[in-house]
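Below is the file structure_29.cif, which contains mmCIF, C-alpha atoms.
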```cif
data_start
loop_
_atom_site.label_atom_id
_atom_site.label_comp_id
_atom_site.auth_asym_id
_atom_site.auth_seq_id
_atom_site.Cartn_x
_atom_site.Cartn_y
_atom_site.Cartn_z
CA MET A 1 108.17 -254.57 23.01
CA PRO A 2 105.27 -257.04 22.86
CA ASP A 3 103.44 -258.39 25.89
CA PRO A 4 105.96 -260.49 27.93
CA ALA A 5 103.37 -263.24 28.52
CA TYR A 6 103.54 -264.11 24.81
CA THR A 7 106.43 -265.18 22.59
CA ALA A 8 107.74 -262.34 20.43
CA GLN A 9 106.44 -262.57 16.86
CA SER A 10 108.09 -261.48 13.65
CA PRO A 11 106.05 -258.99 11.58
CA LEU A 12 106.90 -260.90 8.40
CA SER A 13 105.85 -264.22 9.91
CA CYS A 14 102.56 -262.73 11.08
CA ALA A 15 101.98 -261.25 7.63
CA MET A 16 102.68 -264.54 5.84
CA ARG A 17 100.24 -266.40 8.09
CA SER A 18 97.77 -263.50 8.55
CA ALA A 19 98.14 -264.21 12.26
CA CYS A 20 97.69 -262.13 15.40
CA PRO A 21 100.88 -260.16 16.18
CA ARG A 22 100.61 -260.96 19.92
CA CYS A 23 99.88 -264.69 20.10
CA GLY A 24 100.67 -265.75 16.52
CA ARG A 25 97.71 -268.12 16.42
CA GLY A 26 94.55 -266.02 16.01
CA HIS A 27 93.26 -264.57 12.77
CA LEU A 28 94.19 -261.00 11.85
CA PHE A 29 91.60 -260.57 9.10
CA LYS A 30 87.85 -260.91 8.82
CA GLY A 31 87.40 -261.39 5.10
CA PHE A 32 90.07 -260.63 2.54
CA LEU A 33 91.30 -257.20 3.64
CA GLN A 34 89.17 -256.16 6.60
CA VAL A 35 91.06 -256.28 9.90
CA ALA A 36 89.12 -258.26 12.50
CA PRO A 37 87.87 -256.38 15.56
CA SER A 38 89.94 -258.59 17.86
CA CYS A 39 91.99 -261.78 17.92
CA ASP A 40 89.83 -264.89 18.19
CA ASN A 41 92.55 -266.62 20.24
CA CYS A 42 94.02 -264.11 22.73
CA GLY A 43 91.45 -261.32 22.48
CA LEU A 44 93.89 -258.56 21.41
CA ASP A 45 91.87 -255.52 20.33
CA PHE A 46 92.94 -254.53 16.81
CA SER A 47 91.53 -251.00 17.07
CA PHE A 48 95.13 -249.69 17.12
CA ALA A 49 95.62 -250.97 13.56
CA ASP A 50 95.60 -248.22 10.95
CA PRO A 51 97.87 -249.03 8.01
CA ALA A 52 96.11 -246.31 5.94
CA ASP A 53 97.51 -246.23 2.38
CA GLY A 54 100.70 -248.09 3.24
CA PRO A 55 99.74 -251.42 1.65
CA ALA A 56 98.67 -249.72 -1.60
CA PHE A 57 101.97 -247.81 -1.74
CA PHE A 58 104.05 -250.97 -1.31
CA VAL A 59 101.99 -252.82 -3.94
CA MET A 60 102.42 -249.96 -6.40
CA MET A 61 106.16 -249.88 -5.84
CA THR A 62 106.72 -253.65 -6.02
CA THR A 63 104.15 -255.21 -8.35
CA ALA A 64 102.08 -252.60 -10.16
CA ILE A 65 104.99 -251.14 -12.11
CA PRO A 66 106.17 -254.52 -13.50
CA ALA A 67 102.56 -255.52 -14.28
CA VAL A 68 101.97 -252.34 -16.30
CA ALA A 69 105.39 -252.78 -17.91
CA PHE A 70 104.19 -256.20 -19.12
CA GLY A 71 101.23 -254.58 -20.85
CA LEU A 72 103.44 -251.95 -22.44
CA TRP A 73 105.95 -254.57 -23.59
CA LEU A 74 103.12 -256.63 -25.10
CA GLU A 75 101.76 -253.59 -26.94
CA LEU A 76 105.09 -252.37 -28.27
CA THR A 77 106.43 -255.79 -29.25
CA TYR A 78 103.37 -257.48 -30.81
CA ASP A 79 100.78 -254.68 -31.31
CA PRO A 80 97.93 -257.03 -30.31
CA PRO A 81 94.23 -256.15 -30.62
CA VAL A 82 92.53 -254.56 -27.60
CA TRP A 83 90.63 -257.76 -26.71
CA LEU A 84 93.96 -259.56 -26.23
CA HIS A 85 95.00 -256.92 -23.69
CA PHE A 86 91.75 -257.60 -21.81
CA VAL A 87 92.52 -261.33 -21.84
CA LEU A 88 96.22 -261.10 -20.92
CA THR A 89 97.13 -257.75 -19.40
CA LEU A 90 94.04 -257.07 -17.29
CA PRO A 91 94.26 -260.34 -15.29
CA VAL A 92 98.00 -259.85 -14.78
CA VAL A 93 97.48 -256.34 -13.42
CA LEU A 94 94.50 -257.33 -11.22
CA ILE A 95 96.16 -260.41 -9.75
CA THR A 96 99.57 -258.86 -9.12
CA CYS A 97 98.03 -255.75 -7.56
CA THR A 98 95.33 -257.44 -5.42
CA LEU A 99 96.94 -260.53 -3.90
CA PRO A 100 99.90 -258.77 -2.20
CA LEU A 101 97.61 -256.26 -0.45
CA ARG A 102 96.75 -258.77 2.29
CA PHE A 103 100.42 -259.52 2.98
CA PHE A 104 101.44 -255.86 3.14
CA LYS A 105 98.46 -254.91 5.31
CA GLY A 106 99.24 -257.76 7.72
CA TRP A 107 102.91 -256.75 7.81
CA LEU A 108 102.09 -253.12 8.61
CA VAL A 109 99.53 -254.00 11.31
CA ALA A 110 101.94 -256.47 12.94
CA SER A 111 104.74 -253.89 12.79
CA GLN A 112 102.50 -251.30 14.43
CA TYR A 113 101.80 -253.67 17.32
CA ILE A 114 105.32 -255.05 17.75
CA HIS A 115 107.00 -251.63 17.61
CA ARG A 116 104.19 -249.93 19.56
CA ALA A 117 103.68 -247.35 16.82
CA ALA A 118 101.28 -244.55 17.65
CA GLU A 119 100.17 -241.30 16.17
CA GLY A 120 102.75 -238.57 16.68
CA ARG A 121 101.97 -236.04 19.39
CA LEU A 122 103.74 -232.89 20.46
CA ALA A 123 105.00 -232.90 24.03
CA ARG A 124 103.26 -230.46 26.29
CA PRO A 125 105.47 -228.32 28.51
CA ALA A 126 105.42 -229.11 32.20
CA PRO A 127 103.31 -226.67 34.26
CA ALA A 128 105.33 -223.95 35.97
CA ALA A 129 105.85 -224.36 39.69
CA PRO A 130 103.93 -221.78 41.76
CA ALA A 131 106.04 -218.95 43.15
CA GLU A 132 106.90 -219.17 46.84
CA PRO A 133 105.31 -216.55 49.06
CA GLY A 134 107.62 -213.68 49.85
CA SER A 135 109.79 -214.08 46.78
CA SER A 136 109.95 -211.14 44.43
CA GLY A 137 110.21 -213.28 41.30
CA PRO A 138 113.17 -214.52 39.30
CA ALA A 139 116.53 -213.14 40.26
#
```

Could you show the structure in this file as structure tokens?
Amino acid sequence: MPDPAYTAQSPLSCAMRSACPRCGRGHLFKGFLQVAPSCDNCGLDFSFADPADGPAFFVMMTTAIPAVAFGLWLELTYDPPVWLHFVLTLPVVLITCTLPLRFFKGWLVASQYIHRAAEGRLARPAPAAPAEPGSSGPA
């Protein structure tokens, strides 16, 4: 659950606008893909944000495969010279694989905040209660 002082944000909405997942108004990124240190509107510290390879995985599964399929289709259908692949296929692959990274990274960071995702930890057992004086141990 997000901070009750702020209106709940949708991870997809935050990703589309590259907005802070807490206030929805500040900037999430500093540059194209670098997550800002904190929100410039509400001051939320973005140090919790670690999408790791998630954005690259989603891009590979949604856009990279069709982009490479375009190059293969072009090659098998028309057998163009290599320079034509550099002119047509290379920009298609670069654009379709680079532009969605920002959206997916914003979506994953916003989802981490909204769902309070954290690194998994094993629960430690509770310490045993000290034995009472005069008892001979478990019965």

### Task
Write out as a ChimeraX atom specification the residues lying within 8 Å of segment 67-73 of chain A, counting all atoms listed in the file and excluding same-chain residues fewer than 5 positions away.
/A:85,89,92-93,96

### Query
Counting all atoms listed in the file, what is within 10 Å of segment 47-54 of chain A, bar same-chain residues fewer than 4 positions away, as a list in words?
Val35, Ala36, Pro37, Ser38, Phe58, Val59, Met60, Leu101, Phe104, Lys105, Gly106, Trp107, Leu108, Val109, Ala110, Ser111, Gln112, Tyr113, Arg116, Ala117, Ala118 and Glu119 of chain A

Could you write out as lines of an AutoDock Vina configuration file the box around segment 9-15 of chain A (axis-aligned, all atoms listed in the file, 6 Å on each side), with centre and edge lengths in Å to one decimal?
```
center_x = 105.0
center_y = -261.6
center_z = 12.2
size_x = 18.1
size_y = 17.2
size_z = 21.2
```

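For Ala15 of chain A, the residues within 6 Å (counting only C-alpha atoms, excluding itself and residues fewer than 2 positions away along the chain) are Leu12, Ser13, Arg17, Ser18, Phe103, Gly106 and Trp107 of chain A.
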
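Atom CA of His27 of chain A to atom CA of Gly120 of chain A spans 28.0 Å [interatomic distance, one decimal].
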
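When all atoms listed in the file are used to compute distances to Gly26 of chain A, the closest of the residues A:Pro81, A:Gly43, A:Pro91, A:Pro66 turns out to be A:Gly43.
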
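Note that the spacing between atom CA of Gly31 of chain A and atom CA of Pro100 of chain A amounts to 14.7 Å.
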
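Taking atom CA of Arg121 of chain A and atom CA of Pro55 of chain A as the two end points, the separation is 23.6 Å.
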
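Compared by their closest atoms to Asp40 of chain A, and using all atoms listed in the file, the residues A:Arg22, A:Ile65, A:Ala56, A:Ala128 rank with A:Arg22 nearest.
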
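On the file presented, the PyMOL selection byres ((chain A and resi 8) around 12) picks out Met1, Pro2, Asp3, Pro4, Ala5, Tyr6, Thr7, Gln9, Ser10, Pro11, Ser13, Cys14, Cys20, Pro21, Arg22, Cys23, Gly24, Ala110, Ser111, Tyr113, Ile114 and His115 of chain A.
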
Reconstructed N, CA, C and O atoms for segment 44-70 of chain A, given as a PDB file, in the coordinates of the input:
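Saved the output as out-v7.pdb:
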```
ATOM      1  N   LEU A  44      93.243-259.861  21.648  1.00  0.00           N
ATOM      2  CA  LEU A  44      93.890-258.560  21.410  1.00  0.00           C
ATOM      3  C   LEU A  44      92.967-257.684  20.570  1.00  0.00           C
ATOM      4  O   LEU A  44      92.479-258.093  19.518  1.00  0.00           O
ATOM      5  N   ASP A  45      92.711-256.472  21.042  1.00  0.00           N
ATOM      6  CA  ASP A  45      91.870-255.520  20.330  1.00  0.00           C
ATOM      7  C   ASP A  45      92.689-254.906  19.200  1.00  0.00           C
ATOM      8  O   ASP A  45      93.738-254.313  19.436  1.00  0.00           O
ATOM      9  N   PHE A  46      92.212-255.039  17.966  1.00  0.00           N
ATOM     10  CA  PHE A  46      92.940-254.530  16.810  1.00  0.00           C
ATOM     11  C   PHE A  46      92.548-253.094  16.459  1.00  0.00           C
ATOM     12  O   PHE A  46      92.834-252.628  15.362  1.00  0.00           O
ATOM     13  N   SER A  47      91.935-252.368  17.372  1.00  0.00           N
ATOM     14  CA  SER A  47      91.530-251.000  17.070  1.00  0.00           C
ATOM     15  C   SER A  47      92.742-250.078  16.862  1.00  0.00           C
ATOM     16  O   SER A  47      92.609-249.013  16.282  1.00  0.00           O
ATOM     17  N   PHE A  48      93.910-250.478  17.318  1.00  0.00           N
ATOM     18  CA  PHE A  48      95.130-249.690  17.120  1.00  0.00           C
ATOM     19  C   PHE A  48      95.582-249.737  15.662  1.00  0.00           C
ATOM     20  O   PHE A  48      96.354-248.892  15.217  1.00  0.00           O
ATOM     21  N   ALA A  49      95.122-250.711  14.908  1.00  0.00           N
ATOM     22  CA  ALA A  49      95.620-250.970  13.560  1.00  0.00           C
ATOM     23  C   ALA A  49      95.079-249.947  12.566  1.00  0.00           C
ATOM     24  O   ALA A  49      93.874-249.847  12.358  1.00  0.00           O
ATOM     25  N   ASP A  50      95.974-249.177  11.989  1.00  0.00           N
ATOM     26  CA  ASP A  50      95.600-248.220  10.950  1.00  0.00           C
ATOM     27  C   ASP A  50      96.733-248.125   9.932  1.00  0.00           C
ATOM     28  O   ASP A  50      97.554-247.217   9.986  1.00  0.00           O
ATOM     29  N   PRO A  51      96.798-249.081   8.994  1.00  0.00           N
ATOM     30  CA  PRO A  51      97.870-249.030   8.010  1.00  0.00           C
ATOM     31  C   PRO A  51      97.651-247.971   6.927  1.00  0.00           C
ATOM     32  O   PRO A  51      98.548-247.694   6.153  1.00  0.00           O
ATOM     33  N   ALA A  52      96.455-247.373   6.889  1.00  0.00           N
ATOM     34  CA  ALA A  52      96.110-246.310   5.940  1.00  0.00           C
ATOM     35  C   ALA A  52      96.426-246.736   4.507  1.00  0.00           C
ATOM     36  O   ALA A  52      95.983-247.791   4.081  1.00  0.00           O
ATOM     37  N   ASP A  53      97.198-245.933   3.779  1.00  0.00           N
ATOM     38  CA  ASP A  53      97.510-246.230   2.380  1.00  0.00           C
ATOM     39  C   ASP A  53      98.829-246.969   2.218  1.00  0.00           C
ATOM     40  O   ASP A  53      99.300-247.155   1.099  1.00  0.00           O
ATOM     41  N   GLY A  54      99.418-247.398   3.306  1.00  0.00           N
ATOM     42  CA  GLY A  54     100.700-248.090   3.240  1.00  0.00           C
ATOM     43  C   GLY A  54     100.703-249.309   2.355  1.00  0.00           C
ATOM     44  O   GLY A  54     101.595-249.456   1.499  1.00  0.00           O
ATOM     45  N   PRO A  55      99.723-250.229   2.502  1.00  0.00           N
ATOM     46  CA  PRO A  55      99.740-251.420   1.650  1.00  0.00           C
ATOM     47  C   PRO A  55      99.643-251.066   0.161  1.00  0.00           C
ATOM     48  O   PRO A  55     100.353-251.662  -0.653  1.00  0.00           O
ATOM     49  N   ALA A  56      98.806-250.108  -0.191  1.00  0.00           N
ATOM     50  CA  ALA A  56      98.670-249.720  -1.600  1.00  0.00           C
ATOM     51  C   ALA A  56      99.983-249.151  -2.134  1.00  0.00           C
ATOM     52  O   ALA A  56     100.382-249.430  -3.273  1.00  0.00           O
ATOM     53  N   PHE A  57     100.681-248.359  -1.320  1.00  0.00           N
ATOM     54  CA  PHE A  57     101.970-247.810  -1.740  1.00  0.00           C
ATOM     55  C   PHE A  57     102.968-248.925  -2.030  1.00  0.00           C
ATOM     56  O   PHE A  57     103.634-248.928  -3.071  1.00  0.00           O
ATOM     57  N   PHE A  58     103.082-249.889  -1.113  1.00  0.00           N
ATOM     58  CA  PHE A  58     104.050-250.970  -1.310  1.00  0.00           C
ATOM     59  C   PHE A  58     103.697-251.827  -2.523  1.00  0.00           C
ATOM     60  O   PHE A  58     104.585-252.287  -3.242  1.00  0.00           O
ATOM     61  N   VAL A  59     102.402-252.051  -2.763  1.00  0.00           N
ATOM     62  CA  VAL A  59     101.990-252.820  -3.940  1.00  0.00           C
ATOM     63  C   VAL A  59     102.346-252.049  -5.210  1.00  0.00           C
ATOM     64  O   VAL A  59     102.864-252.628  -6.170  1.00  0.00           O
ATOM     65  N   MET A  60     102.089-250.749  -5.208  1.00  0.00           N
ATOM     66  CA  MET A  60     102.420-249.960  -6.400  1.00  0.00           C
ATOM     67  C   MET A  60     103.921-249.986  -6.685  1.00  0.00           C
ATOM     68  O   MET A  60     104.340-250.044  -7.843  1.00  0.00           O
ATOM     69  N   MET A  61     104.722-249.939  -5.637  1.00  0.00           N
ATOM     70  CA  MET A  61     106.160-249.880  -5.840  1.00  0.00           C
ATOM     71  C   MET A  61     106.771-251.246  -6.163  1.00  0.00           C
ATOM     72  O   MET A  61     107.855-251.310  -6.737  1.00  0.00           O
ATOM     73  N   THR A  62     106.118-252.334  -5.789  1.00  0.00           N
ATOM     74  CA  THR A  62     106.720-253.650  -6.020  1.00  0.00           C
ATOM     75  C   THR A  62     106.091-254.431  -7.154  1.00  0.00           C
ATOM     76  O   THR A  62     106.797-255.109  -7.884  1.00  0.00           O
ATOM     77  N   THR A  63     104.780-254.359  -7.337  1.00  0.00           N
ATOM     78  CA  THR A  63     104.150-255.210  -8.350  1.00  0.00           C
ATOM     79  C   THR A  63     103.422-254.458  -9.442  1.00  0.00           C
ATOM     80  O   THR A  63     103.343-254.949 -10.561  1.00  0.00           O
ATOM     81  N   ALA A  64     102.867-253.292  -9.141  1.00  0.00           N
ATOM     82  CA  ALA A  64     102.080-252.600 -10.160  1.00  0.00           C
ATOM     83  C   ALA A  64     102.953-252.132 -11.323  1.00  0.00           C
ATOM     84  O   ALA A  64     102.546-252.230 -12.481  1.00  0.00           O
ATOM     85  N   ILE A  65     104.120-251.641 -11.035  1.00  0.00           N
ATOM     86  CA  ILE A  65     104.990-251.140 -12.110  1.00  0.00           C
ATOM     87  C   ILE A  65     105.408-252.270 -13.055  1.00  0.00           C
ATOM     88  O   ILE A  65     105.278-252.131 -14.278  1.00  0.00           O
ATOM     89  N   PRO A  66     105.858-253.433 -12.566  1.00  0.00           N
ATOM     90  CA  PRO A  66     106.170-254.520 -13.500  1.00  0.00           C
ATOM     91  C   PRO A  66     104.935-255.041 -14.250  1.00  0.00           C
ATOM     92  O   PRO A  66     105.034-255.421 -15.425  1.00  0.00           O
ATOM     93  N   ALA A  67     103.765-255.037 -13.599  1.00  0.00           N
ATOM     94  CA  ALA A  67     102.560-255.520 -14.280  1.00  0.00           C
ATOM     95  C   ALA A  67     102.181-254.597 -15.432  1.00  0.00           C
ATOM     96  O   ALA A  67     101.825-255.053 -16.524  1.00  0.00           O
ATOM     97  N   VAL A  68     102.257-253.298 -15.222  1.00  0.00           N
ATOM     98  CA  VAL A  68     101.970-252.340 -16.300  1.00  0.00           C
ATOM     99  C   VAL A  68     103.063-252.418 -17.362  1.00  0.00           C
ATOM    100  O   VAL A  68     102.782-252.307 -18.559  1.00  0.00           O
ATOM    101  N   ALA A  69     104.295-252.633 -16.944  1.00  0.00           N
ATOM    102  CA  ALA A  69     105.390-252.780 -17.910  1.00  0.00           C
ATOM    103  C   ALA A  69     105.142-253.981 -18.829  1.00  0.00           C
ATOM    104  O   ALA A  69     105.463-253.934 -20.022  1.00  0.00           O
ATOM    105  N   PHE A  70     104.526-255.046 -18.291  1.00  0.00           N
ATOM    106  CA  PHE A  70     104.190-256.200 -19.120  1.00  0.00           C
ATOM    107  C   PHE A  70     103.222-255.801 -20.223  1.00  0.00           C
ATOM    108  O   PHE A  70     103.392-256.180 -21.384  1.00  0.00           O
TER     109      PHE A  70
END
```
